[in-house]
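What follows is the content of structure18.txt (compact mmCIF, C-alpha atoms and all ligand atoms).
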# COMPACT_ATOMS: atom_id res chain seq x y z
CA MET A 15 -6.58 40.05 -64.54
CA LYS A 16 -6.94 43.04 -62.22
CA LYS A 17 -5.21 42.50 -58.88
CA GLY A 18 -7.52 40.94 -56.33
CA TYR A 19 -10.15 40.06 -58.91
CA PHE A 20 -11.36 36.88 -60.57
CA GLY A 21 -12.78 38.29 -63.79
CA LYS A 22 -15.23 40.93 -62.56
CA PHE A 23 -15.59 39.41 -59.11
CA GLY A 24 -13.76 39.79 -55.81
CA GLY A 25 -11.96 43.01 -54.95
CA CYS A 26 -11.66 44.73 -51.62
CA PHE A 27 -14.65 46.83 -50.55
CA VAL A 28 -13.83 47.70 -46.97
CA PRO A 29 -13.70 50.80 -44.76
CA GLU A 30 -10.41 52.73 -44.92
CA LEU A 31 -9.53 51.54 -41.41
CA LEU A 32 -9.37 47.92 -42.57
CA MET A 33 -6.93 48.59 -45.40
CA PRO A 34 -3.72 48.53 -43.28
CA PRO A 35 -4.15 44.95 -41.96
CA LEU A 36 -5.24 43.69 -45.37
CA LEU A 37 -2.18 45.27 -47.02
CA GLU A 38 0.02 43.86 -44.28
CA LEU A 39 -1.48 40.44 -44.96
CA GLU A 40 -0.93 40.76 -48.71
CA LYS A 41 2.71 41.60 -48.06
CA ALA A 42 3.12 38.66 -45.67
CA MET A 43 1.67 36.34 -48.30
CA ALA A 44 4.33 37.47 -50.75
CA ASP A 45 7.25 37.56 -48.29
CA ILE A 46 6.56 34.67 -45.91
CA LEU A 47 4.41 32.04 -47.64
CA PRO A 48 6.97 30.97 -50.24
CA THR A 49 9.87 30.66 -47.80
CA GLU A 50 11.27 27.22 -47.10
CA SER A 51 11.02 27.58 -43.33
CA PHE A 52 7.32 28.49 -43.45
CA GLN A 53 6.45 25.73 -45.90
CA LYS A 54 8.39 23.19 -43.89
CA GLU A 55 6.75 24.12 -40.61
CA LEU A 56 3.26 24.14 -42.15
CA ASP A 57 3.86 20.79 -43.80
CA ASP A 58 5.00 19.34 -40.50
CA LEU A 59 1.80 20.58 -38.79
CA LEU A 60 -0.39 19.22 -41.59
CA VAL A 61 1.25 15.81 -41.44
CA HIS A 62 1.89 15.25 -37.74
CA TYR A 63 -0.87 17.33 -36.16
CA ALA A 64 -3.77 17.43 -38.64
CA GLY A 65 -3.31 13.97 -40.14
CA ARG A 66 -2.43 14.58 -43.79
CA LYS A 67 -2.26 13.13 -46.30
CA THR A 68 -5.89 12.00 -46.31
CA PRO A 69 -6.69 8.89 -48.36
CA ILE A 70 -9.01 8.51 -51.33
CA THR A 71 -11.59 5.77 -50.80
CA PHE A 72 -13.34 3.75 -53.51
CA CYS A 73 -17.02 2.98 -52.74
CA PRO A 74 -17.64 -0.55 -54.08
CA THR A 75 -21.32 -0.95 -53.16
CA LEU A 76 -22.53 2.45 -54.38
CA SER A 77 -20.43 2.13 -57.56
CA GLU A 78 -22.01 -1.24 -58.32
CA LYS A 79 -25.51 0.16 -57.73
CA TYR A 80 -25.08 3.26 -59.88
CA GLY A 81 -22.92 1.97 -62.72
CA PHE A 82 -20.07 4.45 -62.36
CA GLU A 83 -17.11 4.54 -59.98
CA ILE A 84 -17.55 6.67 -56.86
CA TRP A 85 -14.37 7.80 -55.10
CA LEU A 86 -14.17 9.99 -51.98
CA LYS A 87 -11.40 12.34 -50.86
CA ARG A 88 -11.42 11.80 -47.11
CA GLU A 89 -11.11 15.24 -45.49
CA ASP A 90 -13.48 13.89 -42.82
CA LEU A 91 -10.52 12.03 -41.34
CA LEU A 92 -8.62 15.21 -40.45
CA HIS A 93 -8.18 16.50 -36.90
CA THR A 94 -11.32 18.43 -35.81
CA GLY A 95 -13.31 16.52 -38.43
CA ALA A 96 -13.19 18.59 -41.61
CA HIS A 97 -11.03 20.39 -44.18
CA LYS A 98 -11.16 23.62 -42.15
CA ILE A 99 -7.99 22.79 -40.20
CA ASN A 100 -5.91 23.12 -43.44
CA ASN A 101 -6.80 26.79 -43.53
CA THR A 102 -6.66 27.62 -39.83
CA LEU A 103 -3.21 26.06 -39.36
CA GLY A 104 -1.95 27.96 -42.40
CA GLN A 105 -3.33 31.30 -41.28
CA ALA A 106 -2.35 30.83 -37.64
CA LEU A 107 1.22 29.99 -38.60
CA LEU A 108 1.37 32.92 -41.01
CA ALA A 109 0.06 35.23 -38.26
CA LYS A 110 2.73 33.95 -35.92
CA TYR A 111 5.45 34.67 -38.50
CA MET A 112 3.93 38.16 -38.81
CA GLY A 113 4.45 38.67 -35.07
CA LYS A 114 0.77 38.48 -34.11
CA THR A 115 -0.15 36.99 -30.74
CA ALA A 116 -3.90 36.56 -31.12
CA LEU A 117 -6.50 35.25 -33.56
CA ILE A 118 -10.07 36.31 -34.06
CA ALA A 119 -12.52 34.46 -36.27
CA GLU A 120 -16.19 34.25 -37.18
CA THR A 121 -18.10 31.02 -37.12
CA GLY A 122 -21.57 29.89 -38.16
CA ALA A 123 -22.08 26.24 -37.35
CA GLY A 124 -19.00 26.36 -35.15
CA GLN A 125 -16.70 24.18 -37.27
CA HIS A 126 -14.39 27.01 -38.24
CA GLY A 127 -14.41 28.28 -34.66
CA VAL A 128 -13.30 24.87 -33.40
CA ALA A 129 -10.57 24.58 -36.05
CA THR A 130 -9.33 28.10 -35.25
CA ALA A 131 -9.37 27.44 -31.51
CA ALA A 132 -7.35 24.25 -32.02
CA ALA A 133 -4.76 26.00 -34.22
CA ALA A 134 -4.46 28.87 -31.72
CA ALA A 135 -3.96 26.47 -28.82
CA ARG A 136 -1.35 24.49 -30.71
CA LEU A 137 0.59 27.63 -31.67
CA GLY A 138 0.21 29.34 -28.29
CA MET A 139 -2.02 32.21 -29.41
CA ASP A 140 -5.05 33.88 -27.81
CA CYS A 141 -8.32 33.21 -29.57
CA THR A 142 -11.69 34.99 -29.70
CA ILE A 143 -14.56 33.61 -31.77
CA TYR A 144 -17.50 35.76 -32.93
CA MET A 145 -20.70 33.80 -33.32
CA GLY A 146 -24.32 34.84 -33.90
CA ALA A 147 -26.35 34.43 -30.72
CA GLU A 148 -28.84 32.25 -32.57
CA ASP A 149 -25.99 29.95 -33.66
CA VAL A 150 -24.57 29.87 -30.13
CA GLU A 151 -27.91 28.41 -29.01
CA ARG A 152 -28.22 26.00 -31.97
CA GLN A 153 -24.64 24.71 -31.93
CA SER A 154 -23.96 24.33 -28.24
CA SER A 155 -21.63 21.33 -28.53
CA ASN A 156 -19.23 23.25 -30.80
CA VAL A 157 -19.39 26.22 -28.41
CA ARG A 158 -18.33 23.87 -25.63
CA ARG A 159 -15.51 22.47 -27.75
CA MET A 160 -14.20 25.98 -28.51
CA ARG A 161 -14.25 26.92 -24.83
CA LEU A 162 -12.49 23.70 -23.82
CA LEU A 163 -9.81 24.50 -26.42
CA GLY A 164 -9.24 27.79 -24.65
CA ALA A 165 -11.12 30.20 -26.91
CA GLU A 166 -13.45 32.95 -25.81
CA VAL A 167 -16.81 32.79 -27.63
CA ARG A 168 -18.59 36.13 -28.10
CA PRO A 169 -22.29 35.85 -28.97
CA ILE A 170 -23.45 38.56 -31.43
CA GLU A 171 -26.96 39.91 -30.88
CA ASN A 172 -27.15 42.12 -34.01
CA GLY A 173 -29.23 41.54 -37.14
CA SER A 174 -30.30 37.98 -37.77
CA ARG A 175 -27.92 36.80 -35.01
CA THR A 176 -26.20 34.41 -37.44
CA LEU A 177 -23.03 34.06 -39.51
CA LYS A 178 -23.22 37.24 -41.56
CA ASP A 179 -23.57 39.33 -38.39
CA ALA A 180 -20.66 37.45 -36.80
CA ILE A 181 -18.47 38.35 -39.82
CA ASN A 182 -19.43 42.02 -39.54
CA ALA A 183 -18.61 41.98 -35.82
CA ALA A 184 -15.25 40.28 -36.38
CA LEU A 185 -14.29 42.76 -39.14
CA ARG A 186 -15.16 45.63 -36.78
CA ALA A 187 -13.16 44.06 -33.95
CA TRP A 188 -10.16 43.71 -36.26
CA ILE A 189 -10.07 47.48 -36.81
CA SER A 190 -9.16 48.12 -33.19
CA SER A 191 -6.98 45.05 -32.60
CA GLN A 192 -4.98 44.81 -35.84
CA LYS A 193 -1.59 45.47 -34.25
CA THR A 194 -1.58 42.24 -32.27
CA THR A 195 -4.30 40.25 -33.99
CA HIS A 196 -4.90 38.35 -37.20
CA TYR A 197 -8.42 37.78 -38.50
CA CYS A 198 -8.49 34.10 -39.47
CA PHE A 199 -11.23 34.16 -42.13
CA GLY A 200 -13.04 30.87 -42.55
CA THR A 201 -13.76 30.45 -46.24
CA ALA A 202 -12.50 31.43 -49.70
CA ALA A 203 -14.51 34.65 -49.70
CA GLY A 204 -14.33 38.11 -48.10
CA PRO A 205 -12.08 40.98 -49.14
CA TYR A 206 -8.85 40.47 -51.10
CA PRO A 207 -6.50 38.78 -50.22
CA PHE A 208 -8.59 36.25 -48.23
CA PRO A 209 -10.08 34.36 -51.22
CA GLN A 210 -6.56 33.79 -52.61
CA LEU A 211 -5.05 33.00 -49.19
CA VAL A 212 -7.68 30.46 -48.17
CA ARG A 213 -7.55 28.84 -51.61
CA ASP A 214 -3.77 28.51 -51.32
CA PHE A 215 -4.09 26.70 -48.00
CA GLN A 216 -6.97 24.45 -49.13
CA SER A 217 -5.60 23.54 -52.54
CA VAL A 218 -3.57 20.78 -50.90
CA ILE A 219 -6.82 18.76 -51.16
CA GLY A 220 -6.91 18.74 -54.95
CA ARG A 221 -3.13 18.41 -55.35
CA GLU A 222 -3.15 15.26 -53.26
CA ALA A 223 -6.34 13.86 -54.79
CA ARG A 224 -5.11 14.43 -58.34
CA SER A 225 -1.89 12.52 -57.82
CA GLN A 226 -3.65 9.80 -55.77
CA MET A 227 -6.16 9.19 -58.59
CA LEU A 228 -3.33 8.99 -61.12
CA GLU A 229 -1.44 6.60 -58.88
CA GLU A 230 -4.35 4.32 -57.97
CA THR A 231 -6.41 4.32 -61.17
CA GLY A 232 -3.87 5.33 -63.81
CA SER A 233 -5.92 8.30 -65.00
CA LEU A 234 -7.63 11.50 -63.93
CA PRO A 235 -11.25 11.31 -62.72
CA ASP A 236 -13.94 12.11 -65.31
CA TYR A 237 -15.87 14.22 -62.79
CA VAL A 238 -14.86 16.12 -59.66
CA VAL A 239 -17.66 17.18 -57.30
CA ALA A 240 -17.74 19.29 -54.12
CA ALA A 241 -20.28 21.15 -52.00
CA VAL A 242 -20.14 24.96 -52.08
CA GLY A 243 -20.93 27.08 -49.03
CA GLY A 244 -18.49 29.99 -48.98
CA GLY A 245 -16.47 27.77 -51.27
CA SER A 246 -13.25 26.76 -49.50
CA ASN A 247 -13.41 22.95 -49.66
CA ALA A 248 -14.65 23.19 -53.25
CA ILE A 249 -11.96 25.57 -54.51
CA GLY A 250 -9.39 23.52 -52.59
CA MET A 251 -10.51 20.44 -54.50
CA PHE A 252 -11.07 22.12 -57.89
CA HIS A 253 -7.93 24.23 -58.16
CA ALA A 254 -5.55 21.48 -59.26
CA PHE A 255 -8.08 20.17 -61.81
CA VAL A 256 -9.03 23.44 -63.51
CA PRO A 257 -6.23 23.15 -66.12
CA ASP A 258 -7.31 19.55 -66.94
CA GLY A 259 -9.85 20.33 -69.67
CA GLU A 260 -11.07 16.72 -69.85
CA VAL A 261 -12.18 16.72 -66.19
CA ASN A 262 -15.77 17.87 -65.61
CA ILE A 263 -15.98 19.95 -62.45
CA ILE A 264 -19.26 20.33 -60.56
CA GLY A 265 -19.97 22.58 -57.57
CA VAL A 266 -23.10 21.82 -55.57
CA GLU A 267 -25.03 24.55 -53.73
CA ALA A 268 -27.67 23.96 -51.05
CA GLY A 269 -31.22 24.43 -52.31
CA GLY A 270 -33.03 24.02 -49.00
CA THR A 271 -36.35 22.19 -49.10
CA GLY A 272 -36.86 23.00 -52.79
CA GLU A 273 -40.35 24.41 -52.22
CA PRO A 274 -41.11 27.62 -54.14
CA GLY A 275 -39.71 30.61 -52.27
CA CYS A 276 -38.00 28.46 -49.62
CA LEU A 277 -34.86 29.56 -47.85
CA ASN A 278 -31.73 28.36 -49.66
CA SER A 279 -27.99 28.99 -49.87
CA ALA A 280 -27.57 28.85 -53.64
CA ALA A 281 -25.97 32.24 -54.32
CA ILE A 282 -24.57 31.37 -57.76
CA ASN A 283 -27.71 29.66 -59.03
CA LEU A 284 -30.33 31.89 -57.42
CA GLY A 285 -28.51 35.11 -56.43
CA VAL A 286 -27.70 38.44 -58.06
CA PRO A 287 -24.41 40.40 -58.14
CA GLY A 288 -23.66 42.69 -55.22
CA VAL A 289 -21.21 43.56 -52.46
CA LEU A 290 -21.07 41.70 -49.14
CA HIS A 291 -18.27 41.28 -46.59
CA GLY A 292 -15.79 43.24 -48.68
CA GLU A 293 -16.19 41.43 -52.02
CA TYR A 294 -18.20 41.81 -55.22
CA THR A 295 -19.91 38.47 -55.75
CA MET A 296 -23.24 36.71 -56.23
CA LEU A 297 -25.61 37.18 -53.31
CA LEU A 298 -29.04 36.33 -52.06
CA GLN A 299 -30.54 39.79 -51.73
CA ASP A 300 -33.87 41.50 -52.33
CA ARG A 301 -34.64 44.32 -54.81
CA GLU A 302 -33.61 46.95 -52.25
CA GLY A 303 -30.23 45.24 -51.77
CA GLN A 304 -31.06 43.82 -48.35
CA ILE A 305 -29.40 40.48 -47.71
CA LEU A 306 -32.01 37.72 -47.59
CA PRO A 307 -31.87 35.10 -44.88
CA SER A 308 -30.26 31.94 -46.24
CA GLY A 309 -31.24 28.46 -45.19
CA SER A 310 -30.25 24.82 -45.53
CA ILE A 311 -30.50 21.68 -43.44
CA SER A 312 -26.71 21.95 -43.38
CA ALA A 313 -25.58 24.80 -41.14
CA GLY A 314 -22.13 24.89 -42.76
CA LEU A 315 -23.54 25.74 -46.20
CA ASP A 316 -25.81 28.41 -44.80
CA TYR A 317 -24.23 31.61 -46.19
CA PRO A 318 -25.95 34.20 -48.42
CA GLY A 319 -22.81 34.84 -50.54
CA VAL A 320 -20.07 32.79 -52.19
CA GLY A 321 -16.36 33.15 -52.91
CA PRO A 322 -15.57 35.24 -56.01
CA GLU A 323 -13.40 32.64 -57.75
CA HIS A 324 -16.40 30.32 -57.98
CA VAL A 325 -18.49 33.04 -59.60
CA HIS A 326 -15.72 33.52 -62.15
CA LEU A 327 -15.42 29.78 -62.80
CA SER A 328 -19.18 29.71 -63.31
CA THR A 329 -19.23 32.73 -65.63
CA SER A 330 -16.35 31.36 -67.70
CA GLY A 331 -18.14 28.01 -67.99
CA ARG A 332 -15.21 25.98 -66.62
CA VAL A 333 -17.20 24.73 -63.62
CA GLN A 334 -20.87 23.81 -63.57
CA TYR A 335 -22.76 24.89 -60.43
CA THR A 336 -25.85 22.90 -59.53
CA ILE A 337 -28.20 22.46 -56.58
CA ALA A 338 -28.90 19.63 -54.17
CA TYR A 339 -31.90 19.81 -51.86
CA ASP A 340 -32.20 18.82 -48.19
CA ARG A 341 -33.81 15.48 -49.15
CA ASP A 342 -30.97 14.69 -51.63
CA ALA A 343 -28.43 15.28 -48.86
CA LEU A 344 -30.37 13.11 -46.41
CA ASN A 345 -30.69 10.29 -48.95
CA ALA A 346 -26.95 10.44 -49.68
CA PHE A 347 -26.17 10.53 -45.97
CA GLN A 348 -28.15 7.31 -45.42
CA ALA A 349 -26.69 5.64 -48.50
CA LEU A 350 -23.11 6.35 -47.45
CA CYS A 351 -23.78 5.15 -43.90
CA HIS A 352 -25.54 1.94 -44.91
CA ASP A 353 -23.58 0.99 -48.03
CA GLU A 354 -20.07 2.16 -47.21
CA GLY A 355 -19.88 2.56 -43.42
CA ILE A 356 -19.03 6.27 -43.55
CA LEU A 357 -20.98 8.93 -41.66
CA PRO A 358 -20.60 12.11 -43.76
CA ALA A 359 -21.21 15.74 -42.77
CA LEU A 360 -24.48 17.15 -44.11
CA GLU A 361 -22.45 19.66 -46.17
CA SER A 362 -20.53 16.90 -47.95
CA SER A 363 -23.79 14.94 -48.29
CA HIS A 364 -24.97 17.65 -50.70
CA ALA A 365 -22.11 16.83 -53.10
CA LEU A 366 -22.86 13.10 -53.02
CA GLY A 367 -26.58 13.93 -52.94
CA TYR A 368 -26.42 15.66 -56.31
CA VAL A 369 -24.60 12.71 -57.87
CA LEU A 370 -27.00 10.08 -56.52
CA ALA A 371 -30.08 12.16 -57.43
CA HIS A 372 -28.90 12.66 -61.05
CA PRO A 373 -27.12 9.43 -62.05
CA GLU A 374 -28.13 10.00 -65.69
CA GLU A 375 -25.69 12.91 -65.85
CA PHE A 376 -22.70 10.66 -65.18
CA ARG A 377 -21.44 8.38 -67.96
CA ARG A 378 -21.64 4.64 -67.30
CA GLY A 379 -18.26 3.31 -66.30
CA SER A 380 -16.84 6.78 -65.63
CA ARG A 381 -14.99 7.83 -62.48
CA VAL A 382 -16.50 10.38 -60.09
CA LEU A 383 -14.34 11.92 -57.35
CA ILE A 384 -16.29 13.60 -54.54
CA ASN A 385 -14.79 15.74 -51.80
CA LEU A 386 -15.95 14.37 -48.45
CA SER A 387 -15.27 17.65 -46.67
CA GLY A 388 -16.16 16.51 -43.14
CA ARG A 389 -17.59 13.89 -40.84
CA GLY A 390 -21.20 13.80 -39.74
CA ASP A 391 -21.13 13.15 -36.01
CA LYS A 392 -21.92 16.84 -35.44
CA ASP A 393 -25.13 16.48 -37.46
CA MET A 394 -26.64 13.43 -35.77
CA ASP A 395 -29.40 15.32 -33.91
CA ILE A 396 -30.52 17.16 -37.05
CA ILE A 397 -30.48 13.98 -39.12
CA GLU A 398 -32.35 11.85 -36.60
CA HIS A 399 -34.95 14.58 -36.28
CA ALA A 400 -35.32 14.96 -40.07
CA LEU A 401 -35.58 11.20 -40.60
CA GLY A 402 -38.01 10.77 -37.69
CA LEU A 403 -35.65 8.38 -35.87
C1 LIG A 501 -17.77 24.66 -43.22
C2 LIG A 501 -17.97 23.42 -43.99
C3 LIG A 501 -18.33 23.44 -45.36
C4 LIG A 501 -18.67 24.71 -46.08
O1 LIG A 501 -17.66 25.63 -46.19
P1 LIG A 501 -16.83 25.84 -47.53
O2 LIG A 501 -16.00 27.03 -47.25
O3 LIG A 501 -17.82 26.05 -48.63
O4 LIG A 501 -16.05 24.60 -47.72
C5 LIG A 501 -18.42 22.25 -46.04
N1 LIG A 501 -18.20 21.07 -45.42
C6 LIG A 501 -17.88 21.00 -44.10
C7 LIG A 501 -17.66 19.67 -43.49
C8 LIG A 501 -17.74 22.17 -43.36
O5 LIG A 501 -17.43 22.09 -42.06
Now that the file is in, can you turn its structure into structure tokens?
Ligand SMILES: *Cc1c(COP(=O)(O)O)cnc(C)c1O
Amino acid sequence: MKKGYFGKFGGCFVPELLMPPLLELEKAMADILPTESFQKELDDLLVHYAGRKTPITFCPTLSEKYGFEIWLKREDLLHTGAHKINNTLGQALLAKYMGKTALIAETGAGQHGVATAAAAARLGMDCTIYMGAEDVERQSSNVRRMRLLGAEVRPIENGSRTLKDAINAALRAWISSQKTTHYCFGTAAGPYPFPQLVRDFQSVIGREARSQMLEETGSLPDYVVAAVGGGSNAIGMFHAFVPDGEVNIIGVEAGGTGEPGCLNSAAINLGVPGVLHGEYTMLLQDREGQILPSGSISAGLDYPGVGPEHVHLSTSGRVQYTIAYDRDALNAFQALCHDEGILPALESSHALGYVLAHPEEFRRGSRVLINLSGRGDKDMDIIEHALGL
């Protein structure tokens, strides 16, 4: 495979001025990541600060109702409430080893901003978060959390004033600050080497889950399911299972309301190939190549592109990519609350939502492992509004 590519997808399509920090990062990945001191320090942070390892939880009531076993990997129990801290601790520590003193990051819903701000505070680094002005207004509680954690939040007024504009602003800011600053990218997408780097830090999810399933059930799961936004929790879950040919792997994209022509975030299912944020991938764009606005009830899945490794896993047929709609996610959210006493993030609710909306696709008596990427407290206002509560 060509360096930096997954099949035809990925690569590094950036202005010349961004090449030095990306090459520096590639070198740090090779020189620092494998060392015992780095791995030991990261492991210590993951265990004693973030709360790893996370358990797997069997869902007795839902399993009884649906006729197959439903298991959850509990990333919702991590510090800051989602899988994102696996990546931000990894990148922050790597940046520190590289001699950087500051982090910048983009954020959409604010979850990655909060996880970056926490990692920066813990490791004694400065932190600036770029966030679309529209998102700053919509996600005020996460903005407050970031500020309390010591980060500066910069609202971006360009374009659609959302995530994609925040990424463009952060990439631009990195050009002038690269000597002291690391860009802590939030998902398994963007220019090489970010998709590989973020996957490496998130793949702890699947490594743990695979051995936990073996230990607790005596066999691998028959199905592994995760929600796909940019793709970091999903690739983190899938990576360890890709070589296990007998395990069916399913990625779930957000289909929005499902009405014809509605906004959605299903880049693999509904997009076309193109270049965005430094990578060649599948994108929601119009015939002139303009990026279309994406949309989903779940702010964290709301991204018009997707990480290149997922596109490759789709093209090769190893992973099946499907769609869950807003109503599927809401139904799954309610089911998990009422039947199992767990309040899931709306993103993760898409993964469960697909399973519960299509039970006929899962063999009776089989075992389904779902990545519960985050907790849902952040989504309560949206959910109560959508359910008319
Ligand atoms: C950000 C987020 C996602 C989507 O991002 P990926 O990179 O696709 O994982 C999913 N779940 C939760 C809880 C999130 O916060």
Nearest residue to ligand LIG 501 (chain A) out of A:Arg88, A:Arg221, A:Lys114, A:His372, using all atoms listed in the file?
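Looking only at the distances to ligand LIG 501 (chain A), the closest residue turns out to be A:Arg88.
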Against ligand LIG 501 (chain A), which residues of chain A fall within 7 Å? For each one I want the closest pair of atoms and the distance in Å (one decimal), counting all atoms listed in the file, rows by chain and increasing residue number, as a tab-separated table.
residue	atom	partner	partner_atom	distance
A:Ala96	CA	A:LIG501	C7	5.0
A:His97	CA	A:LIG501	C7	6.7
A:Lys98	CA	A:LIG501	O5	6.5
A:Gln125	CA	A:LIG501	O5	5.3
A:His126	CA	A:LIG501	C1	6.5
A:Gly200	CA	A:LIG501	O2	6.8
A:Thr201	CA	A:LIG501	O2	4.2
A:Ala202	CA	A:LIG501	O2	6.1
A:Ala241	CA	A:LIG501	C5	6.3
A:Val242	CA	A:LIG501	O3	4.3
A:Gly243	CA	A:LIG501	O3	3.3
A:Gly244	CA	A:LIG501	O3	4.0
A:Gly245	CA	A:LIG501	O3	3.4
A:Ser246	CA	A:LIG501	O2	3.6
A:Asn247	CA	A:LIG501	O4	3.7
A:Ala248	CA	A:LIG501	O4	5.9
A:Gly314	CA	A:LIG501	C1	4.4
A:Leu315	CA	A:LIG501	C4	5.0
A:Ala359	CA	A:LIG501	C7	5.3
A:Glu361	CA	A:LIG501	N1	4.5
A:Ser362	CA	A:LIG501	N1	5.4
A:Ser387	CA	A:LIG501	C7	4.5
A:Gly388	CA	A:LIG501	C7	3.5
A:Arg389	CA	A:LIG501	C7	6.4
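Coordinates place CA of Ala281 in chain A at a distance of 26.9 Å from CA of Ala223 in chain A.
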Please identify all polymer residues within 12 Å of Asp393 in chain A, counting only C-alpha atoms, omitting same-chain residues fewer than 6 positions from it, and present them as a ChimeraX atom specification.
/A:95,123-125,152-153,155-156,311-314,343-344,347,357-363,399-400
File dump, residues just selected, C-alpha atoms, as an mmCIF file, keeping the file's coordinate frame:
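Wrote it out as selection_9.cif, contents follow:
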data_model
loop_
_atom_site.group_PDB
_atom_site.id
_atom_site.type_symbol
_atom_site.label_atom_id
_atom_site.label_comp_id
_atom_site.auth_asym_id
_atom_site.auth_seq_id
_atom_site.Cartn_x
_atom_site.Cartn_y
_atom_site.Cartn_z
ATOM 1 C CA GLY A 95 -13.310 16.520 -38.430
ATOM 2 C CA ALA A 123 -22.080 26.240 -37.350
ATOM 3 C CA GLY A 124 -19.000 26.360 -35.150
ATOM 4 C CA GLN A 125 -16.700 24.180 -37.270
ATOM 5 C CA ARG A 152 -28.220 26.000 -31.970
ATOM 6 C CA GLN A 153 -24.640 24.710 -31.930
ATOM 7 C CA SER A 155 -21.630 21.330 -28.530
ATOM 8 C CA ASN A 156 -19.230 23.250 -30.800
ATOM 9 C CA ILE A 311 -30.500 21.680 -43.440
ATOM 10 C CA SER A 312 -26.710 21.950 -43.380
ATOM 11 C CA ALA A 313 -25.580 24.800 -41.140
ATOM 12 C CA GLY A 314 -22.130 24.890 -42.760
ATOM 13 C CA ALA A 343 -28.430 15.280 -48.860
ATOM 14 C CA LEU A 344 -30.370 13.110 -46.410
ATOM 15 C CA PHE A 347 -26.170 10.530 -45.970
ATOM 16 C CA LEU A 357 -20.980 8.930 -41.660
ATOM 17 C CA PRO A 358 -20.600 12.110 -43.760
ATOM 18 C CA ALA A 359 -21.210 15.740 -42.770
ATOM 19 C CA LEU A 360 -24.480 17.150 -44.110
ATOM 20 C CA GLU A 361 -22.450 19.660 -46.170
ATOM 21 C CA SER A 362 -20.530 16.900 -47.950
ATOM 22 C CA SER A 363 -23.790 14.940 -48.290
ATOM 23 C CA HIS A 399 -34.950 14.580 -36.280
ATOM 24 C CA ALA A 400 -35.320 14.960 -40.070
#
Distance CA of Val28 in chain A-CA of Thr102 in chain A, one decimal place?
22.5 Å
Give me the residues near Tyr144 in chain A as a list of chain:residue names, where near means some atom within 10 Å (using all atoms listed in the file) and where sequence neighbours in that chain fewer than 4 positions away do not count.
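Neighbouring residues, sequence-local ones excluded: A:Ile118, A:Ala119, A:Glu120, A:Thr121, A:Gly122, A:Gly124, A:Gly127, A:Val150, A:Glu166, A:Val167, A:Arg168, A:Pro169, A:Ile170, A:Thr176, A:Leu177, A:Asp179, A:Ala180, A:Ile181, A:Asn182, A:Ala183, A:Ala184, A:Leu185, A:Ala187.
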Nearest to Ala338 in chain A, chosen from A:Lys41, A:Lys392, A:His364, A:Lys16, with only C-alpha atoms counted in the distances:
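Counting only C-alpha atoms, the residue closest to Ala338 in chain A is A:His364.
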In Å, rounded to a single decimal, give me how far CA of Gly18 in chain A is from CA of Lys54 in chain A.
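Rounded to one decimal, the two atoms are 26.9 Å apart.
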Residues near Ile219 in chain A, cut-off 9 Å, all atoms listed in the file, skip fewer than 4 positions along chain, as a ChimeraX atom specification
/A:67-68,87,89,97,100,215,223-224,247,250-254,385
Using C-alpha atoms, can you write the selected residues to a file as a short mmCIF file (atom, residue, chain, number, x, y, z; two decimals), in the frame of the given file?
data_model
loop_
_atom_site.label_atom_id
_atom_site.label_comp_id
_atom_site.auth_asym_id
_atom_site.auth_seq_id
_atom_site.Cartn_x
_atom_site.Cartn_y
_atom_site.Cartn_z
CA LYS A 67 -2.26 13.13 -46.30
CA THR A 68 -5.89 12.00 -46.31
CA LYS A 87 -11.40 12.34 -50.86
CA GLU A 89 -11.11 15.24 -45.49
CA HIS A 97 -11.03 20.39 -44.18
CA ASN A 100 -5.91 23.12 -43.44
CA PHE A 215 -4.09 26.70 -48.00
CA ALA A 223 -6.34 13.86 -54.79
CA ARG A 224 -5.11 14.43 -58.34
CA ASN A 247 -13.41 22.95 -49.66
CA GLY A 250 -9.39 23.52 -52.59
CA MET A 251 -10.51 20.44 -54.50
CA PHE A 252 -11.07 22.12 -57.89
CA HIS A 253 -7.93 24.23 -58.16
CA ALA A 254 -5.55 21.48 -59.26
CA ASN A 385 -14.79 15.74 -51.80
#
